[in-house]
>>> print(open('target.tsv').read())   # TSV, C-alpha atoms and all ligand atoms
chain	number	residue	atom	x	y	z
A	880	MET	CA	34.01	39.93	43.48
A	881	ASN	CA	32.71	43.07	41.80
A	882	LYS	CA	29.07	43.47	40.92
A	883	SER	CA	29.45	42.81	37.19
A	884	THR	CA	31.53	39.62	37.69
A	885	MET	CA	28.91	38.39	40.10
A	886	LEU	CA	26.13	39.15	37.62
A	887	ARG	CA	28.02	37.34	34.82
A	888	LYS	CA	28.44	34.32	37.08
A	889	ILE	CA	24.76	34.24	38.00
A	890	THR	CA	23.68	34.75	34.37
A	891	GLY	CA	26.14	32.04	33.26
A	892	ALA	CA	24.81	29.62	35.85
A	893	THR	CA	21.22	30.36	34.86
A	894	THR	CA	22.04	29.87	31.19
A	895	LEU	CA	23.70	26.56	31.97
A	896	THR	CA	20.77	25.36	34.06
A	897	LEU	CA	18.34	26.43	31.35
A	898	ALA	CA	20.35	24.69	28.61
A	899	ALA	CA	20.49	21.52	30.72
A	900	ALA	CA	16.75	21.72	31.33
A	901	ILE	CA	16.03	22.19	27.61
A	902	ALA	CA	18.32	19.29	26.71
A	903	ALA	CA	16.62	17.07	29.28
A	904	THR	CA	13.14	17.99	27.96
A	905	SER	CA	14.11	17.35	24.37
A	906	VAL	CA	15.63	13.98	25.32
A	907	ALA	CA	12.47	13.21	27.28
A	908	ASN	CA	10.39	14.17	24.22
A	909	ALA	CA	12.57	12.26	21.77
A	910	ALA	CA	10.68	9.07	21.07
A	911	THR	CA	11.27	5.87	19.13
A	912	TRP	CA	8.26	5.14	16.95
A	913	ARG	CA	7.67	1.60	15.71
A	914	TYR	CA	6.65	1.22	12.06
A	915	ALA	CA	5.80	-2.10	10.39
A	916	HIS	CA	5.14	-2.90	6.73
A	917	GLU	CA	4.30	-5.96	4.61
A	918	GLU	CA	7.36	-6.30	2.37
A	919	TYR	CA	11.09	-7.10	2.36
A	920	ASP	CA	14.29	-5.06	2.31
A	921	GLY	CA	14.37	-2.82	-0.78
A	922	ASP	CA	10.72	-3.46	-1.84
A	923	VAL	CA	8.38	-0.53	-2.45
A	924	GLN	CA	6.88	-0.38	1.07
A	925	ASP	CA	10.35	-0.63	2.56
A	926	VAL	CA	11.66	2.21	0.39
A	927	TYR	CA	8.66	4.33	1.46
A	928	ALA	CA	9.36	3.51	5.12
A	929	GLU	CA	13.03	4.47	4.76
A	930	PHE	CA	12.11	7.85	3.25
A	931	PHE	CA	9.55	8.42	6.04
A	932	LYS	CA	12.24	7.58	8.61
A	933	GLU	CA	14.78	9.84	6.90
A	934	TYR	CA	12.40	12.81	7.06
A	935	VAL	CA	11.41	12.27	10.68
A	936	GLU	CA	14.98	11.75	11.88
A	937	GLU	CA	16.39	14.70	9.95
A	938	ASN	CA	13.69	17.05	11.17
A	939	SER	CA	13.25	16.01	14.80
A	940	ASP	CA	14.88	14.13	17.69
A	941	HIS	CA	12.56	11.18	17.13
A	942	GLN	CA	13.66	7.83	15.76
A	943	ILE	CA	11.76	5.37	13.56
A	944	GLN	CA	12.26	1.63	14.04
A	945	ILE	CA	11.20	-0.26	10.90
A	946	PHE	CA	9.89	-3.84	10.98
A	947	GLU	CA	9.73	-5.78	7.70
A	948	PHE	CA	7.43	-8.62	6.68
A	949	GLY	CA	7.66	-11.59	9.00
A	950	GLN	CA	9.42	-9.87	11.90
A	951	LEU	CA	6.10	-9.29	13.67
A	952	GLY	CA	3.86	-11.70	11.79
A	953	GLU	CA	1.49	-11.46	8.83
A	954	SER	CA	-0.26	-8.32	7.59
A	955	ASP	CA	-3.27	-8.87	9.86
A	956	ASP	CA	-0.96	-9.20	12.87
A	957	ILE	CA	0.75	-5.85	12.31
A	958	MET	CA	-2.64	-4.20	11.89
A	959	GLU	CA	-3.83	-5.66	15.19
A	960	GLN	CA	-0.62	-4.51	16.90
A	961	THR	CA	-1.19	-1.00	15.57
A	962	GLN	CA	-4.81	-0.89	16.68
A	963	ASN	CA	-3.63	-2.03	20.15
A	964	GLY	CA	-0.98	0.72	20.26
A	965	ILE	CA	2.01	-1.66	20.28
A	966	LEU	CA	3.03	-0.17	16.94
A	967	GLN	CA	2.65	3.51	16.10
A	968	PHE	CA	2.63	3.15	12.29
A	969	VAL	CA	1.54	0.43	9.90
A	970	ASN	CA	1.65	0.11	6.14
A	971	GLN	CA	-1.20	-2.21	5.18
A	972	SER	CA	-2.71	-2.71	1.74
A	973	PRO	CA	-6.46	-2.56	1.08
A	974	GLY	CA	-6.11	-6.17	-0.08
A	975	PHE	CA	-6.04	-7.01	3.62
A	976	THR	CA	-7.68	-3.89	5.13
A	977	GLY	CA	-10.72	-4.70	2.99
A	978	SER	CA	-11.79	-7.31	5.52
A	979	LEU	CA	-11.79	-4.61	8.24
A	980	ILE	CA	-13.01	-1.64	6.17
A	981	PRO	CA	-15.24	-3.02	3.39
A	982	GLU	CA	-15.08	0.24	1.39
A	983	ALA	CA	-11.30	-0.26	0.96
A	984	GLN	CA	-12.19	-3.08	-1.42
A	985	ILE	CA	-13.03	-0.46	-4.06
A	986	PHE	CA	-9.52	-1.03	-5.47
A	987	PHE	CA	-10.57	-4.53	-6.48
A	988	ILE	CA	-13.34	-3.52	-8.85
A	989	PRO	CA	-11.61	-4.49	-12.09
A	990	TYR	CA	-10.97	-1.87	-14.77
A	991	LEU	CA	-11.97	1.01	-12.50
A	992	MET	CA	-8.44	2.41	-12.48
A	993	PRO	CA	-6.67	3.53	-15.66
A	994	THR	CA	-3.45	1.79	-16.71
A	995	ASP	CA	-1.46	4.94	-17.47
A	996	MET	CA	0.84	5.64	-14.54
A	997	ASP	CA	0.81	9.46	-14.71
A	998	THR	CA	-2.98	9.48	-14.52
A	999	VAL	CA	-2.95	7.03	-11.62
A	1000	VAL	CA	-0.43	9.16	-9.72
A	1001	GLU	CA	-2.40	12.35	-10.33
A	1002	PHE	CA	-5.51	10.55	-9.12
A	1003	PHE	CA	-3.81	9.60	-5.83
A	1004	ARG	CA	-2.63	13.17	-5.39
A	1005	GLU	CA	-5.90	14.90	-6.23
A	1006	SER	CA	-8.78	12.54	-5.43
A	1007	ASP	CA	-11.30	13.65	-2.78
A	1008	ALA	CA	-12.36	10.02	-2.35
A	1009	ILE	CA	-8.77	9.09	-1.48
A	1010	ASN	CA	-7.74	12.15	0.50
A	1011	ASP	CA	-11.00	13.18	2.24
A	1012	MET	CA	-13.42	10.25	2.34
A	1013	PHE	CA	-11.06	7.39	3.14
A	1014	PRO	CA	-9.51	9.08	6.23
A	1015	GLU	CA	-12.99	9.19	7.82
A	1016	LEU	CA	-13.53	5.48	7.17
A	1017	TYR	CA	-10.13	4.56	8.63
A	1018	ALA	CA	-10.72	6.84	11.66
A	1019	GLU	CA	-13.73	4.70	12.61
A	1020	LYS	CA	-11.29	1.83	13.13
A	1021	GLY	CA	-8.90	3.88	15.28
A	1022	LEU	CA	-6.52	4.63	12.39
A	1023	GLU	CA	-5.15	7.94	11.15
A	1024	LEU	CA	-4.77	7.44	7.40
A	1025	LEU	CA	-1.68	9.35	6.26
A	1026	ARG	CA	-1.33	8.40	2.60
A	1027	MET	CA	-2.54	5.94	-0.01
A	1028	TYR	CA	-0.13	5.20	-2.84
A	1029	PRO	CA	0.18	2.86	-5.85
A	1030	GLU	CA	2.90	0.19	-6.03
A	1031	GLY	CA	2.44	-1.12	-9.56
A	1032	GLU	CA	0.03	-2.60	-12.06
A	1033	MET	CA	-1.39	-6.02	-11.21
A	1034	VAL	CA	-0.21	-8.97	-13.29
A	1035	ILE	CA	-1.53	-12.54	-13.07
A	1036	THR	CA	0.95	-15.44	-12.95
A	1037	LEU	CA	-0.14	-18.96	-13.87
A	1038	ASP	CA	1.06	-22.52	-14.30
A	1039	GLU	CA	0.02	-22.40	-17.98
A	1040	LYS	CA	-0.32	-19.74	-20.64
A	1041	ALA	CA	-3.76	-18.08	-20.70
A	1042	SER	CA	-5.46	-15.27	-22.58
A	1043	THR	CA	-9.23	-15.66	-22.02
A	1044	PRO	CA	-11.59	-16.02	-19.06
A	1045	GLU	CA	-12.26	-19.55	-20.38
A	1046	ASP	CA	-8.56	-20.36	-19.89
A	1047	LEU	CA	-8.97	-19.45	-16.21
A	1048	GLN	CA	-11.76	-22.01	-15.67
A	1049	ASN	CA	-10.93	-24.29	-12.72
A	1050	LYS	CA	-7.71	-22.40	-12.05
A	1051	LYS	CA	-7.17	-21.89	-8.33
A	1052	ILE	CA	-5.90	-18.34	-8.06
A	1053	ARG	CA	-4.56	-17.02	-4.78
A	1054	VAL	CA	-6.06	-13.70	-3.74
A	1055	MET	CA	-5.45	-11.43	-0.78
A	1056	THR	CA	-7.97	-11.96	1.99
A	1057	ASN	CA	-10.87	-9.66	1.09
A	1058	PRO	CA	-14.17	-11.00	-0.28
A	1059	LEU	CA	-14.47	-8.59	-3.22
A	1060	LEU	CA	-11.21	-9.79	-4.76
A	1061	SER	CA	-12.65	-13.31	-4.65
A	1062	ALA	CA	-15.72	-11.96	-6.49
A	1063	THR	CA	-13.40	-10.50	-9.16
A	1064	TYR	CA	-11.74	-13.84	-9.83
A	1065	GLU	CA	-15.09	-15.63	-9.82
A	1066	ALA	CA	-16.23	-13.12	-12.45
A	1067	PHE	CA	-13.04	-13.85	-14.43
A	1068	GLY	CA	-14.03	-17.55	-14.44
A	1069	ALA	CA	-11.42	-18.76	-11.93
A	1070	THR	CA	-11.62	-20.33	-8.45
A	1071	PRO	CA	-10.30	-17.79	-5.95
A	1072	THR	CA	-8.26	-19.00	-2.98
A	1073	PRO	CA	-7.68	-16.36	-0.27
A	1074	LEU	CA	-4.34	-16.78	1.49
A	1075	PRO	CA	-2.06	-14.58	3.61
A	1076	TRP	CA	1.21	-13.68	1.89
A	1077	GLY	CA	3.43	-16.07	3.87
A	1078	GLU	CA	1.74	-19.10	2.31
A	1079	VAL	CA	1.82	-18.09	-1.34
A	1080	TYR	CA	5.22	-19.31	-2.60
A	1081	GLY	CA	4.84	-22.71	-0.93
A	1082	ALA	CA	1.28	-23.15	-2.23
A	1083	LEU	CA	2.46	-22.43	-5.80
A	1084	GLN	CA	5.43	-24.75	-5.42
A	1085	THR	CA	3.29	-27.63	-4.19
A	1086	ASN	CA	0.52	-26.95	-6.78
A	1087	MET	CA	-2.06	-26.27	-4.07
A	1088	ILE	CA	-2.85	-23.22	-6.20
A	1089	ASP	CA	-2.38	-22.58	-9.94
A	1090	GLY	CA	-1.67	-18.87	-9.91
A	1091	GLN	CA	-1.82	-15.50	-8.17
A	1092	GLU	CA	-1.74	-11.75	-8.92
A	1093	ASN	CA	0.79	-9.11	-7.90
A	1094	PRO	CA	2.80	-6.20	-9.32
A	1095	ILE	CA	5.85	-7.18	-11.37
A	1096	PHE	CA	8.45	-5.89	-8.89
A	1097	TRP	CA	7.03	-8.30	-6.29
A	1098	ILE	CA	6.86	-11.21	-8.74
A	1099	GLU	CA	10.57	-10.57	-9.32
A	1100	SER	CA	11.72	-9.88	-5.77
A	1101	GLY	CA	9.72	-12.74	-4.26
A	1102	GLY	CA	10.83	-15.14	-7.02
A	1103	LEU	CA	7.20	-15.97	-7.83
A	1104	TYR	CA	8.08	-16.47	-11.50
A	1105	GLU	CA	10.17	-19.49	-10.47
A	1106	VAL	CA	7.03	-21.36	-9.40
A	1107	SER	CA	4.41	-19.56	-11.52
A	1108	PRO	CA	6.14	-18.66	-14.79
A	1109	ASN	CA	3.34	-17.59	-17.17
A	1110	LEU	CA	2.70	-13.86	-16.87
A	1111	LEU	CA	-0.63	-12.44	-18.01
A	1112	PHE	CA	-1.10	-8.66	-18.36
A	1113	THR	CA	-4.85	-7.97	-18.20
A	1114	GLY	CA	-4.68	-4.26	-17.22
A	1115	HIS	CA	-7.41	-4.78	-14.61
A	1116	GLY	CA	-5.99	-2.83	-11.68
A	1117	TRP	CA	-3.19	-1.42	-9.55
A	1118	PHE	CA	-1.73	-2.71	-6.33
A	1119	THR	CA	-2.53	0.06	-3.88
A	1120	THR	CA	-1.29	0.42	-0.34
A	1121	ALA	CA	-1.71	2.76	2.63
A	1122	ILE	CA	0.33	4.12	5.53
A	1123	MET	CA	-1.49	4.95	8.74
A	1124	ALA	CA	-0.91	5.67	12.43
A	1125	ASN	CA	-2.64	4.51	15.58
A	1126	GLN	CA	-5.13	7.33	16.08
A	1127	ASP	CA	-4.79	7.75	19.87
A	1128	PHE	CA	-1.03	8.02	19.45
A	1129	TYR	CA	-1.48	10.55	16.63
A	1130	ASN	CA	-4.05	12.62	18.54
A	1131	ASP	CA	-1.76	12.82	21.57
A	1132	LEU	CA	1.13	14.21	19.51
A	1133	SER	CA	1.93	17.92	19.70
A	1134	GLU	CA	0.73	19.99	16.75
A	1135	GLU	CA	4.35	20.24	15.65
A	1136	ASP	CA	4.81	16.45	15.66
A	1137	GLN	CA	1.52	15.90	13.83
A	1138	GLU	CA	2.80	18.26	11.14
A	1139	LEU	CA	6.13	16.39	11.08
A	1140	VAL	CA	4.33	13.07	10.53
A	1141	GLN	CA	2.15	14.50	7.75
A	1142	GLU	CA	5.17	16.07	6.06
A	1143	ALA	CA	7.12	12.82	6.32
A	1144	ALA	CA	4.24	10.92	4.68
A	1145	ASP	CA	4.06	13.49	1.86
A	1146	TYR	CA	7.84	13.48	1.40
A	1147	ALA	CA	7.91	9.68	1.16
A	1148	PHE	CA	4.96	9.78	-1.28
A	1149	ASP	CA	6.85	12.05	-3.70
A	1150	LYS	CA	9.94	9.88	-3.41
A	1151	ILE	CA	8.07	6.62	-3.94
A	1152	ILE	CA	6.44	7.89	-7.11
A	1153	GLY	CA	9.94	8.49	-8.49
A	1154	HIS	CA	10.97	5.03	-7.31
A	1155	ILE	CA	8.13	3.12	-9.02
A	1156	ASP	CA	8.60	4.99	-12.31
A	1157	GLY	CA	10.16	2.40	-14.64
A	1158	LEU	CA	10.36	-0.23	-11.88
A	1159	ALA	CA	7.94	-2.64	-13.59
A	1160	ASP	CA	9.95	-2.63	-16.85
A	1161	GLU	CA	13.22	-3.16	-14.99
A	1162	SER	CA	11.73	-6.03	-12.99
A	1163	LEU	CA	10.29	-7.68	-16.10
A	1164	GLU	CA	13.70	-7.52	-17.72
A	1165	LYS	CA	15.30	-9.17	-14.69
A	1166	ILE	CA	12.67	-11.92	-14.75
A	1167	THR	CA	13.09	-12.73	-18.43
A	1168	GLU	CA	16.88	-12.73	-18.03
A	1169	ALA	CA	16.71	-15.04	-15.03
A	1170	SER	CA	14.39	-17.68	-16.48
A	1171	ASP	CA	13.86	-19.38	-19.85
A	1172	GLU	CA	10.57	-20.79	-18.66
A	1173	VAL	CA	8.81	-17.44	-18.32
A	1174	THR	CA	6.19	-16.45	-20.90
A	1175	VAL	CA	4.73	-12.95	-21.15
A	1176	THR	CA	1.20	-12.47	-22.55
A	1177	LYS	CA	0.05	-8.87	-22.96
A	1178	LEU	CA	-3.60	-8.87	-23.98
A	1179	ASN	CA	-4.80	-6.65	-26.82
A	1180	GLU	CA	-7.86	-4.40	-26.51
A	1181	GLU	CA	-10.26	-7.03	-27.84
A	1182	GLN	CA	-8.95	-9.69	-25.46
A	1183	ILE	CA	-9.10	-7.25	-22.55
A	1184	GLN	CA	-12.74	-6.51	-23.40
A	1185	ALA	CA	-13.67	-10.14	-22.61
A	1186	PHE	CA	-12.41	-9.56	-19.05
A	1187	ARG	CA	-13.79	-6.01	-18.82
A	1188	ASP	CA	-17.27	-7.27	-19.71
A	1189	ARG	CA	-17.25	-9.11	-16.40
A	1190	ALA	CA	-16.50	-6.02	-14.27
A	1191	PRO	CA	-20.09	-4.72	-13.76
A	1192	GLN	CA	-21.07	-7.71	-11.62
A	1193	VAL	CA	-18.14	-7.01	-9.30
A	1194	GLU	CA	-19.18	-3.36	-9.00
A	1195	GLU	CA	-22.66	-4.56	-8.02
A	1196	ARG	CA	-21.17	-6.86	-5.38
A	1197	PHE	CA	-19.18	-3.90	-4.02
A	1198	ILE	CA	-22.37	-1.89	-3.56
A	1199	GLU	CA	-24.15	-4.87	-1.99
A	1200	MET	CA	-21.27	-5.24	0.48
A	1201	THR	CA	-20.91	-1.56	1.38
A	1202	GLY	CA	-24.39	-0.03	0.94
A	1203	GLU	CA	-25.04	3.68	0.53
A	1204	ARG	CA	-21.66	4.75	1.87
A	1205	GLY	CA	-19.85	2.52	-0.59
A	1206	GLU	CA	-21.96	3.82	-3.44
A	1207	GLU	CA	-21.20	7.40	-2.45
A	1208	LEU	CA	-17.49	6.60	-2.32
A	1209	LEU	CA	-17.67	4.88	-5.71
A	1210	ASN	CA	-19.42	7.88	-7.28
A	1211	GLN	CA	-16.80	10.26	-5.90
A	1212	PHE	CA	-14.02	7.89	-7.03
A	1213	LYS	CA	-15.41	7.90	-10.57
A	1214	GLU	CA	-15.82	11.68	-10.55
A	1215	ASP	CA	-12.22	12.11	-9.37
A	1216	LEU	CA	-11.02	9.72	-12.08
A	1217	LYS	CA	-12.92	11.63	-14.73
A	1218	ALA	CA	-11.32	14.88	-13.54
A	1219	VAL	CA	-7.77	13.53	-13.91
A	1220	GLN	CA	-8.48	11.65	-17.13
A	1221	GLY	CA	-9.82	14.85	-18.65
A	1222	ASN	CA	-6.46	16.58	-18.08
A	1301	LIG	O1	0.40	-10.41	-2.31
A	1301	LIG	C1	0.64	-9.99	-1.19
A	1301	LIG	O2	0.06	-10.42	-0.20
A	1301	LIG	C2	1.76	-8.96	-1.02
A	1301	LIG	N1	1.96	-8.20	-2.23
A	1301	LIG	C3	2.62	-7.08	-2.20
A	1301	LIG	C4	2.99	-6.37	-3.45
A	1301	LIG	N2	2.96	-6.47	-1.08
A	1301	LIG	C5	2.64	-7.02	0.23
A	1301	LIG	C6	1.53	-8.03	0.14
A	1301	LIG	O3	1.41	-8.74	1.30
>>> encode(input="target.tsv", output="structure tokens", more="lines below")
Ligand code: 6CS
Amino acid sequence: MNKSTMLRKITGATTLTLAAAIAATSVANAATWRYAHEEYDGDVQDVYAEFFKEYVEENSDHQIQIFEFGQLGESDDIMEQTQNGILQFVNQSPGFTGSLIPEAQIFFIPYLMPTDMDTVVEFFRESDAINDMFPELYAEKGLELLRMYPEGEMVITLDEKASTPEDLQNKKIRVMTNPLLSATYEAFGATPTPLPWGEVYGALQTNMIDGQENPIFWIESGGLYEVSPNLLFTGHGWFTTAIMANQDFYNDLSEEDQELVQEAADYAFDKIIGHIDGLADESLEKITEASDEVTVTKLNEEQIQAFRDRAPQVEERFIEMTGERGEELLNQFKEDLKAVQGN
């Protein structure tokens, strides 16, 4: 064997060994990350999760395994599993996180958020309260907050038509399990009934409760209109949600993987904004086509004012519950809102 053949053989062998070593490392580094959310196939949180998965899988060797509502329990269960490190990612809404992080209840101060979708979206993109202050609050609970995003405007559904706070007297309205949302419905004149999601349809069907609130797409996809057919548009808030990671898991990721996760969250955010655009109108159309029983009441400005007049007491309750930090967050929230509303 001449010298150059020998050299080629050695170099070839080294290259092969190196390639095998690199392949082995990348397989060893390729992980399957578990991600749970609170909704069903094709709902907003599921669409977000699918876009997140698509980005991660197209841009790395990692895989995302998505768990939908019910596969691992209720919303509080998937949060606990994430805090314990069993899950790497969880999508949980402030409606439930509010019992863990009281400041997250800010989304339940009625009439704080505008109704116009473009303004709401710009607020989520630009707000310092959302993008700088909230991550610190979540970090205290071992959570890396990746993104907060809106799902749709809140609509009340009832057993009877209603248009005033007086009409809500003695109505048992299901709320998500945070105390401030109960304060909102007390202020609106109703009797709030906190329940986890899994119990809502049955409770409406058996008249244990008289109504509930949710965005229209969810009222349609969950068939809530079948058992709670009178829709009331009060314009009092948006259903907001949040995607986060277990913080120890996130901190142990390489810089490259942390960037990948952040980029995936941003990619899914842009996609979900496109997805929710027009979704409420489409869902309302499906509902009215599917049922003759459904009534739709959209309050006018004067009627809305009767509900809005009751918002200050809820804001006071928020400050009582959260102290100086909550007040600081609220001030920043309002400043950020003013900035986007001015545009
Ligand atoms: O009302 C609820 O509890 C549920 N609503 C929506 C829109 N998503 C998940 C949540 O659990």
>>> atom_distance(input="target.tsv", atom1="CA of Glu1030 (chain A)", atom2="atom O2 of ligand LIG 1301 (chain A)")
12.4 Å
>>> closest_residue(input="target.tsv", among="A:Asn1010, A:Ser1100, A:Thr1063, A:Asn1086", to="ligand LIG 1301 (chain A)", atoms="all atoms listed in the file")
A:Ser1100
>>> closest_atom_pairs(input="target.tsv", of="chain A", to="ligand LIG 1301 (chain A)", cutoff="9 Å", atoms="all atoms listed in the file", output="Markdown table")
| residue | atom | partner | partner_atom | distance |
| --- | --- | --- | --- | --- |
| A:His916 | CA | A:LIG1301 | C5 | 8.1 |
| A:Glu917 | CA | A:LIG1301 | C5 | 4.8 |
| A:Glu918 | CA | A:LIG1301 | C5 | 5.2 |
| A:Tyr919 | CA | A:LIG1301 | C5 | 8.7 |
| A:Asp922 | CA | A:LIG1301 | N2 | 8.4 |
| A:Val923 | CA | A:LIG1301 | C4 | 8.0 |
| A:Gln924 | CA | A:LIG1301 | N2 | 7.6 |
| A:Phe948 | CA | A:LIG1301 | O3 | 8.1 |
| A:Glu953 | CA | A:LIG1301 | O3 | 8.0 |
| A:Ser954 | CA | A:LIG1301 | O3 | 6.5 |
| A:Gln971 | CA | A:LIG1301 | C5 | 7.9 |
| A:Ser972 | CA | A:LIG1301 | C6 | 7.0 |
| A:Gly974 | CA | A:LIG1301 | O2 | 7.5 |
| A:Phe975 | CA | A:LIG1301 | O2 | 8.0 |
| A:Glu1030 | CA | A:LIG1301 | C4 | 7.0 |
| A:Gly1031 | CA | A:LIG1301 | C4 | 8.1 |
| A:Met1033 | CA | A:LIG1301 | C4 | 8.9 |
| A:Arg1053 | CA | A:LIG1301 | O1 | 8.6 |
| A:Val1054 | CA | A:LIG1301 | O1 | 7.4 |
| A:Met1055 | CA | A:LIG1301 | O2 | 5.6 |
| A:Thr1056 | CA | A:LIG1301 | O2 | 8.5 |
| A:Leu1074 | CA | A:LIG1301 | O2 | 7.9 |
| A:Pro1075 | CA | A:LIG1301 | O2 | 6.0 |
| A:Trp1076 | CA | A:LIG1301 | O2 | 4.0 |
| A:Gly1077 | CA | A:LIG1301 | O2 | 7.7 |
| A:Val1079 | CA | A:LIG1301 | O1 | 7.9 |
| A:Gln1091 | CA | A:LIG1301 | O1 | 8.1 |
| A:Glu1092 | CA | A:LIG1301 | O1 | 7.1 |
| A:Asn1093 | CA | A:LIG1301 | C4 | 5.7 |
| A:Pro1094 | CA | A:LIG1301 | C4 | 5.9 |
| A:Ile1095 | CA | A:LIG1301 | C4 | 8.5 |
| A:Phe1096 | CA | A:LIG1301 | C4 | 7.7 |
| A:Trp1097 | CA | A:LIG1301 | C4 | 5.3 |
| A:Ile1098 | CA | A:LIG1301 | C4 | 8.1 |
| A:Phe1118 | CA | A:LIG1301 | C4 | 6.6 |
| A:Thr1119 | CA | A:LIG1301 | C4 | 8.5 |
| A:Thr1120 | CA | A:LIG1301 | N2 | 8.1 |
>>> residues_around(input="target.tsv", residues="Asn938 (chain A)", least_positions_apart="2", cutoff="12 Å", atoms="only C-alpha atoms", output="number ranges by chain")
A: 909, 931-936, 940-942, 1135-1136, 1138-1140, 1142-1143, 1146
>>> atom_distance(input="target.tsv", atom1="CA of Glu1023 (chain A)", atom2="CA of Asn1125 (chain A)")
6.1 Å
>>> closest_residue(input="target.tsv", among="A:Gln1182, A:Gln1220, A:Thr1201, A:Ser1107", to="Gln1084 (chain A)", atoms="only C-alpha atoms")
A:Ser1107
>>> decode(input="target.tsv", residues="region 990-1006 of chain A", atoms="N, CA and C atoms", output="compact mmCIF listing (two decimals), in the first residue's frame")
# COMPACT_ATOMS: atom_id res chain seq x y z
N TYR A 990 -63.66 45.35 31.75
CA TYR A 990 -63.53 46.58 30.95
C TYR A 990 -62.14 47.21 31.01
N LEU A 991 -61.16 46.44 31.44
CA LEU A 991 -59.78 46.94 31.41
C LEU A 991 -59.25 46.84 29.98
N MET A 992 -59.56 45.73 29.34
CA MET A 992 -59.08 45.49 27.97
C MET A 992 -60.03 46.10 26.94
N PRO A 993 -59.49 46.63 25.84
CA PRO A 993 -60.37 47.11 24.77
C PRO A 993 -61.05 45.95 24.04
N THR A 994 -62.06 46.24 23.25
CA THR A 994 -62.74 45.15 22.53
C THR A 994 -62.15 44.95 21.13
N ASP A 995 -61.52 46.00 20.60
CA ASP A 995 -60.98 45.93 19.24
C ASP A 995 -59.78 44.96 19.17
N MET A 996 -59.90 43.98 18.28
CA MET A 996 -58.88 42.92 18.26
C MET A 996 -57.47 43.42 17.92
N ASP A 997 -57.35 44.33 16.94
CA ASP A 997 -56.02 44.79 16.55
C ASP A 997 -55.30 45.44 17.72
N THR A 998 -56.06 46.22 18.51
CA THR A 998 -55.46 46.89 19.67
C THR A 998 -55.03 45.86 20.71
N VAL A 999 -55.88 44.86 20.90
CA VAL A 999 -55.56 43.80 21.88
C VAL A 999 -54.27 43.07 21.46
N VAL A 1000 -54.18 42.75 20.18
CA VAL A 1000 -53.01 42.02 19.69
C VAL A 1000 -51.75 42.86 19.85
N GLU A 1001 -51.86 44.15 19.51
CA GLU A 1001 -50.69 45.02 19.64
C GLU A 1001 -50.27 45.12 21.11
N PHE A 1002 -51.28 45.16 21.99
CA PHE A 1002 -51.00 45.21 23.42
C PHE A 1002 -50.19 43.97 23.84
N PHE A 1003 -50.62 42.79 23.40
CA PHE A 1003 -49.89 41.57 23.79
C PHE A 1003 -48.47 41.57 23.22
N ARG A 1004 -48.31 42.15 22.05
CA ARG A 1004 -46.97 42.20 21.45
C ARG A 1004 -46.06 43.18 22.19
N GLU A 1005 -46.62 44.36 22.53
CA GLU A 1005 -45.78 45.46 22.99
C GLU A 1005 -45.69 45.65 24.50
N SER A 1006 -46.68 45.18 25.24
CA SER A 1006 -46.80 45.54 26.65
C SER A 1006 -45.61 45.11 27.52
